[in-house]
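These notes are about the structure you will find just below.
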Amino acid sequence: MVKVLVAGFKGRMGNTTVQMVLEHEGFDLVGVFDPMASEKNLNENPAYSQTDVPVFTNLANIKTDAEVWIDFTRPTSVFENTKFALEHGISPVIGTTGMTDDQVKELQALAKEKQVGGLIAPNFGISAVLLMQFAKQAAKYLPDVEIIEMHHDNKLDAPSGTALNTAKMIAEVRKEHYQGNPDEKETLPGARGANYEGMRIHAVRLPGYVAHEQVLFGGKGEALTIRQDSFDRISFMSGVAVATEKIRNYSELMVGLENIL
Ligand SMILES: NC(=O)C1=CN([C@@H]2O[C@H](COP(=O)(O)OP(=O)(O)OC[C@H]3O[C@@H](n4cnc5c(N)ncnc54)[C@H](O)[C@@H]3O)[C@@H](O)[C@H]2O)C=CC1
Ligand SMILES: O=C(O)C1=N[C@H](C(=O)O)C[C@H](O)C1
């Protein structure tokens, strides 16, 4: 049994993850963490009255024998949480988005020093993992590209981690390239979206949406659109489960679910 702690358990993803961990016969939920929690044990919550699991509300007070730390928290807390996990020999499985490249590098160095395996996955959904790979492939031949990501209106970070990662993966193969009209002017600031190495990224936030992305390629007289949709947060759970099962077989901190599939 893999002993698991879920950070951010009061949130949308954290709550879905707790249910997945409790239902999975290979996982043992040994702790949950969220500063917003008022209970001391998960069994105080009517939905989990039979589940005796300690609740932590402060990082410094966590004492646990967890082997895997699953994190769906906030862009402002994920770095400290991941550092804490690595320093305590707990393998981090990180879904929280919004870390800077420098923060990721620092954590990768720490994981190497401690010889602890971990994963940061901008998206645990297989449709999104495939979309990023297909987009990288297409960009070799169609370098004019724009990304549109669409999310629920409670999302804190923009652009999404998935959109940023898509742009980074495309940038690995796309020849340096100016796209659009060099004389174009935004008559309303922001109209052309964010600029990542010449690629435009547009972020939509609307109620009713969960998580969706389109990558649009344009060529002479033709176009290609690649799209993925997460209609439900359950779409992320098989990826989280695979990472939780496998991550202790590694001794480095990787970025991208594809690294362990
Ligand atoms: N990688 C992936 O496949 C996915 C990633 N995400 C990412 O996961 C993160 C969470 O998303 P949601 O669940 O929608 O957010 P949410 O706002 O519903 O939940 C976040 C939870 O974290 C808690 N929290 C705040 N500070 C904390 C700390 N220091 N330690 C522990 N918990 C803390 C909050 O109280 C809240 O309950 C976001 O960054 C989002 O982009 C979301 C869906 C899929
Ligand atoms: O906040 C979300 O909901 C999601 N966040 C991740 C991201 O920023 O890419 C993954 C998915 O898009 C859902």
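Labels used: A, B, ... for chains in the order of the structure tokens, numbers from 1 for residues in each chain, and numbers from 1 for ligands as shown.
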Nearby residues (only C-alpha atoms) at most 9 Å from A:Thr162, same-chain spacing under 5 positions excluded, as a short mmCIF file (atom, residue, chain, number, x, y, z; two decimals) with C-alpha atoms, in the first residue's frame:
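And here's result_15.cif as it stands now:
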data_model
loop_
_atom_site.label_atom_id
_atom_site.label_comp_id
_atom_site.auth_asym_id
_atom_site.auth_seq_id
_atom_site.Cartn_x
_atom_site.Cartn_y
_atom_site.Cartn_z
CA THR A 97 0.22 25.19 -11.48
CA ALA A 121 2.33 17.56 -14.14
CA PRO A 122 0.78 20.70 -15.66
CA ASN A 123 -2.10 18.42 -16.67
CA ALA A 128 -4.19 17.16 -22.65
CA VAL A 129 -0.94 15.15 -22.60
CA MET A 132 0.68 18.82 -26.16
CA GLU A 149 -7.23 27.96 -23.11
CA ALA A 167 3.98 26.79 -25.71
CA GLU A 213 -7.56 23.99 -24.75
#
Nearby residues, ligand 1, 9 Å, only C-alpha atoms and all ligand atoms, as a PyMOL selection string | chain A and resi 6-16+32-37+56-59+71-78+80-81+94-98+120-125+128+152+154-157+160-162+210-211+233+235-237+239-240
DSSP on the backbone, then: every residue of stretch 18-225 of chain A marked alpha helix (DSSP H), written as an MDAnalysis selection string.
-> chainID A and resid 18:23 78:87 101:114 126:139 161:171
Determine the nearest neighbour of A:Ala194 from the options A:Lys175, A:Met169, A:Leu110, A:Ile147, counting only C-alpha atoms.
-> A:Ile147
Given only C-alpha atoms, how would the per-residue table for stretch 51-128 of chain A near stretch 245-255 of chain A read, listing every residue at most 12 Å away with its closest atom pair and distance in Å to one decimal, sorted by chain and number, as JSON lines?
{"residue": "A:Ala66", "atom": "CA", "partner": "A:Arg248", "partner_atom": "CA", "distance": 11.8}
{"residue": "A:Glu67", "atom": "CA", "partner": "A:Arg248", "partner_atom": "CA", "distance": 8.0}
{"residue": "A:Val68", "atom": "CA", "partner": "A:Arg248", "partner_atom": "CA", "distance": 7.9}
{"residue": "A:Trp69", "atom": "CA", "partner": "A:Ile247", "partner_atom": "CA", "distance": 10.5}
{"residue": "A:Ile70", "atom": "CA", "partner": "A:Ile247", "partner_atom": "CA", "distance": 11.1}
{"residue": "A:Thr82", "atom": "CA", "partner": "A:Leu253", "partner_atom": "CA", "distance": 10.3}
{"residue": "A:Lys83", "atom": "CA", "partner": "A:Leu253", "partner_atom": "CA", "distance": 11.3}
{"residue": "A:Ala85", "atom": "CA", "partner": "A:Leu253", "partner_atom": "CA", "distance": 11.8}
{"residue": "A:Leu86", "atom": "CA", "partner": "A:Leu253", "partner_atom": "CA", "distance": 9.5}
{"residue": "A:Gly89", "atom": "CA", "partner": "A:Arg248", "partner_atom": "CA", "distance": 10.2}
{"residue": "A:Ile90", "atom": "CA", "partner": "A:Arg248", "partner_atom": "CA", "distance": 8.9}
{"residue": "A:Ser91", "atom": "CA", "partner": "A:Arg248", "partner_atom": "CA", "distance": 6.5}
{"residue": "A:Pro92", "atom": "CA", "partner": "A:Ile247", "partner_atom": "CA", "distance": 8.2}
{"residue": "A:Val93", "atom": "CA", "partner": "A:Ile247", "partner_atom": "CA", "distance": 7.7}
{"residue": "A:Ile94", "atom": "CA", "partner": "A:Val255", "partner_atom": "CA", "distance": 9.3}
{"residue": "A:Gly95", "atom": "CA", "partner": "A:Val255", "partner_atom": "CA", "distance": 10.4}
{"residue": "A:Thr97", "atom": "CA", "partner": "A:Val255", "partner_atom": "CA", "distance": 11.4}
{"residue": "A:Met99", "atom": "CA", "partner": "A:Val255", "partner_atom": "CA", "distance": 11.6}
{"residue": "A:Asp101", "atom": "CA", "partner": "A:Val255", "partner_atom": "CA", "distance": 10.9}
{"residue": "A:Val104", "atom": "CA", "partner": "A:Val255", "partner_atom": "CA", "distance": 8.8}
{"residue": "A:Lys105", "atom": "CA", "partner": "A:Leu253", "partner_atom": "CA", "distance": 9.3}
{"residue": "A:Glu106", "atom": "CA", "partner": "A:Leu253", "partner_atom": "CA", "distance": 10.3}
{"residue": "A:Leu107", "atom": "CA", "partner": "A:Leu253", "partner_atom": "CA", "distance": 7.4}
{"residue": "A:Gln108", "atom": "CA", "partner": "A:Leu253", "partner_atom": "CA", "distance": 5.2}
{"residue": "A:Ala109", "atom": "CA", "partner": "A:Leu253", "partner_atom": "CA", "distance": 8.4}
{"residue": "A:Leu110", "atom": "CA", "partner": "A:Leu253", "partner_atom": "CA", "distance": 8.7}
{"residue": "A:Ala111", "atom": "CA", "partner": "A:Glu252", "partner_atom": "CA", "distance": 5.6}
{"residue": "A:Lys112", "atom": "CA", "partner": "A:Glu252", "partner_atom": "CA", "distance": 5.5}
{"residue": "A:Glu113", "atom": "CA", "partner": "A:Glu252", "partner_atom": "CA", "distance": 9.0}
{"residue": "A:Lys114", "atom": "CA", "partner": "A:Ser251", "partner_atom": "CA", "distance": 8.2}
{"residue": "A:Gln115", "atom": "CA", "partner": "A:Ser251", "partner_atom": "CA", "distance": 4.7}
{"residue": "A:Val116", "atom": "CA", "partner": "A:Ser251", "partner_atom": "CA", "distance": 4.6}
{"residue": "A:Gly117", "atom": "CA", "partner": "A:Ser251", "partner_atom": "CA", "distance": 4.0}
{"residue": "A:Gly118", "atom": "CA", "partner": "A:Leu253", "partner_atom": "CA", "distance": 4.3}
{"residue": "A:Leu119", "atom": "CA", "partner": "A:Met254", "partner_atom": "CA", "distance": 4.8}
{"residue": "A:Ile120", "atom": "CA", "partner": "A:Val255", "partner_atom": "CA", "distance": 4.8}
{"residue": "A:Ala121", "atom": "CA", "partner": "A:Val255", "partner_atom": "CA", "distance": 5.8}
{"residue": "A:Pro122", "atom": "CA", "partner": "A:Val255", "partner_atom": "CA", "distance": 7.8}
{"residue": "A:Asn123", "atom": "CA", "partner": "A:Val255", "partner_atom": "CA", "distance": 10.1}
{"residue": "A:Phe124", "atom": "CA", "partner": "A:Val255", "partner_atom": "CA", "distance": 11.2}
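Take atom CA of A:Phe84 and atom CA of A:Leu261: the distance between them is 25.9 Å.
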Near-A:Phe217 list (10 Å; only C-alpha atoms; drop same-chain fewer than 6 positions) as a CSV table (one decimal) with N, CA and C atoms, in the first residue's frame:
chain,number,residue,atom,x,y,z
A,135,ALA,N,0.7,18.8,-30.7
A,135,ALA,CA,1.0,20.2,-31.1
A,135,ALA,C,2.4,20.4,-31.3
A,138,ALA,N,3.1,19.0,-34.8
A,138,ALA,CA,2.5,19.9,-35.9
A,138,ALA,C,3.4,21.1,-36.1
A,139,ALA,N,3.9,21.7,-35.0
A,139,ALA,CA,4.6,23.0,-35.1
A,139,ALA,C,5.9,22.9,-35.9
A,141,TYR,N,6.0,21.7,-38.8
A,141,TYR,CA,5.6,22.0,-40.2
A,141,TYR,C,4.8,23.2,-40.3
A,142,LEU,N,4.1,23.6,-39.2
A,142,LEU,CA,3.2,24.8,-39.2
A,142,LEU,C,3.6,25.7,-38.0
A,143,PRO,N,4.6,26.6,-38.3
A,143,PRO,CA,5.1,27.4,-37.2
A,143,PRO,C,4.2,28.5,-36.7
A,144,ASP,N,3.2,28.8,-37.5
A,144,ASP,CA,2.3,29.9,-37.1
A,144,ASP,C,1.2,29.3,-36.2
A,145,VAL,N,1.2,29.7,-34.9
A,145,VAL,CA,0.4,29.0,-33.9
A,145,VAL,C,-0.1,30.0,-32.9
A,146,GLU,N,-1.4,29.8,-32.5
A,146,GLU,CA,-1.9,30.5,-31.3
A,146,GLU,C,-2.6,29.5,-30.4
A,147,ILE,N,-2.6,29.8,-29.1
A,147,ILE,CA,-3.2,28.9,-28.1
A,147,ILE,C,-4.4,29.6,-27.4
A,223,ALA,N,-5.5,25.1,-42.4
A,223,ALA,CA,-5.4,25.3,-41.0
A,223,ALA,C,-5.6,24.0,-40.3
A,224,LEU,N,-5.0,23.9,-39.1
A,224,LEU,CA,-5.2,22.7,-38.2
A,224,LEU,C,-5.6,23.2,-36.8
A,225,THR,N,-6.6,22.6,-36.3
A,225,THR,CA,-7.0,22.9,-34.9
A,225,THR,C,-6.9,21.6,-34.1
A,226,ILE,N,-6.2,21.7,-32.9
A,226,ILE,CA,-6.2,20.5,-32.0
A,226,ILE,C,-6.9,21.0,-30.8
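Minimum atom-to-atom distance to ligand 2, evaluated using only C-alpha atoms and all ligand atoms, belongs to A:Ala163 out of A:Val18, A:Ala191, A:Leu206, A:Ala163.
DSSP, applied to the backbone of this structure, assigns strand (DSSP E or B) to the following residues of stretch 149-203 of chain A: Glu149, Met150, His151, Ala194, Asn195, Tyr196, Met199, Arg200, Ile201, His202 and Ala203 of chain A.
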Convert the current residue selection to file output with C-alpha atoms, as a PDB file, in the first residue's frame.
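As a result, part-v4.pdb now contains:
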ATOM      1  CA  GLU A 149      -7.229  27.963 -23.105  1.00  0.00           C
ATOM      2  CA  MET A 150     -10.679  28.029 -21.506  1.00  0.00           C
ATOM      3  CA  HIS A 151     -11.342  27.466 -17.805  1.00  0.00           C
ATOM      4  CA  ALA A 194       0.099  37.044 -23.966  1.00  0.00           C
ATOM      5  CA  ASN A 195       3.286  36.555 -25.956  1.00  0.00           C
ATOM      6  CA  TYR A 196       5.460  33.467 -25.366  1.00  0.00           C
ATOM      7  CA  MET A 199       3.219  32.661 -29.868  1.00  0.00           C
ATOM      8  CA  ARG A 200       0.016  34.247 -28.605  1.00  0.00           C
ATOM      9  CA  ILE A 201      -1.822  32.690 -25.666  1.00  0.00           C
ATOM     10  CA  HIS A 202      -5.431  33.672 -24.923  1.00  0.00           C
ATOM     11  CA  ALA A 203      -7.124  32.839 -21.599  1.00  0.00           C
TER      12      ALA A 203
END
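Atom CA of A:Ser230 lies 25.3 Å from atom CA of A:Arg192.
Ranking A:Gly221, A:Asn165, A:Arg227, A:Asn259 by their shortest atom-to-atom distance to ligand 2, with only C-alpha atoms and all ligand atoms included, puts A:Asn165 first.
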Find the distance between atom CA of A:Lys168 and atom CA of A:Gly208 and write it in Å to one decimal.
-> 28.0 Å
